[in-house]
Structures are given as C-alpha cells and as structure tokens.
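Before any comments, here is the structure.
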Amino acid sequence: MQKFTIFTIIFSFAVILVMAELIINDYLETQTSGYQNLQTSAINNKVFEKDDEKIEPEKEEKKQIVWTINDGLFAEAGISNVNAKKVDFNEKLFQLIDLVGVNNETSAKFNVFYNDSFAITINEFKMDSESGAIELYDFINREANNKAGIAINEDNSFGDASFYINNRDKKDAASLVVKIRNQIFAFEYKHSYHPMVKKVLEIM
C-alpha cells in the first residue's frame, strides 16, 4: 500500500511537470507569434508610408548663360551712355539668312542704344566647341554669298576671322560677322557707328 502511494505521488508529479511544460511552451509560441506579427505589421506600415510619400521630381538646374554683349563691355571699351537690350531672335540673321534648324546652339540678339538712340544690332552665338563656331561661320558666309545682290568681303580684320556682307539694298548699313574662339558675333549698324564697333571688337 505504501509503495502504491509513493508511485502514485511520483506519477502525479510527473504528469504535472509535463502539463506545465506544455502550457509554458504553448504560451511562449503564442507570445513569439504575436511579436513576429507586430514586427511584420510595423515593417509593412513603413513600406506603405514610404510608398505614400510624395516624391518630388528632381529639378533641372538651369544653365546660367553669361552673355558677352552687355553694357559693361562697352564701358570697358571706353564707351558710355550705352544700353544693350536683349530682344527676341526670330532666327533670321540680318533679315536675310535663315538659321531655323541650323545648329546655332545658344544664341541671343541685342539692340544697342547709344545716348538713347538706336545704334547697333548684335547677334551672339555661343557654340560648344570652336569647330562648331567654324561650321556656323562658314554656313553664314556660304548662305549670304548665294543671295542675289550680296557681295562678301573677307577682310579678317577682327577676331579669328571676319567678313562683311555688302547688301545693295542696305547701302547705308554694314553687316559684319566675326568669329572669336567658340563664338560668332554678327553686327549690323549704320556706317557712322563703325568706330564704336571697332573699339568693342578690339577688347573682345
């Protein structure tokens, strides 16, 4: 009887231990599963939050163009009371040569006023390379030479190369094209303003 009682006690204790272990394991699994679910939920929320963020498109930096033609250029040449105004360029040089579709890359047109009176029109072309400037220079020369009533005078007095376009319909005006490094400048002015143009070109 005593042996049976001891056996019963040991057996009961073993059963209690097994049951306790099962309960503890089940509890731990539940806690671990809950923690993993919380982690997954948090990660998903972060992903959704990132997806919901408004992504700003990268802003293209506008290239700042510094034009050679400006009031300061004339002041440097010793000419005061000058105002160089940038105006729209319709891509027709001297109202004669069509530059639409021609590789002139970056270009601008300026009307220059001296003592509040209109004096000179200047077109400035900035090319990426000197070879590009040579191509544009040759194109203008060739196109002008093919026009009726036009004579080309290549005197090369200014810059790296230069020529005059003598137009029989504009006898009181001069049209001058000058290449300076990777730039082309086209001047149109009354003959009386030639000394001013010459002074400016001498410092360019």
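In the structure tokens, chains take the letters A, B, ... in the order shown, each chain's residues start at 1, and ligands count up from 1 in the order shown.
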Which residues of stretch 77-124 of chain A sit at most 9 Å from stretch 190-198 of chain A, using only C-alpha atoms? Give each one's shortest atom pair and distance in Å (one decimal place), in chain and ascending residue order, as a tab-separated table.
```
residue	atom	partner	partner_atom	distance
A:Ala77	CA	A:Met196	CA	8.5
A:Ile79	CA	A:Met196	CA	7.6
A:Ala119	CA	A:Tyr193	CA	6.9
A:Ile120	CA	A:Lys190	CA	7.5
```
Compile the contact shell of stretch 87-89 of chain A as a ChimeraX atom specification: residues with an atom at most 9 Å away, counting only C-alpha atoms, same-chain residues fewer than 4 positions apart removed.
/A:93,107-111,123
Kindly indicate which residue among A:Lys86, A:Glu130, A:Thr106, A:Phe113 lies nearest to A:Phe74, using only C-alpha atoms for the distances.
A:Phe113
Would you work out the distance separating atom CA of A:Leu73 from atom CA of A:Phe185, expressed in Å to one decimal?
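Atom CA of A:Phe185 lies 13.7 Å from atom CA of A:Leu73.
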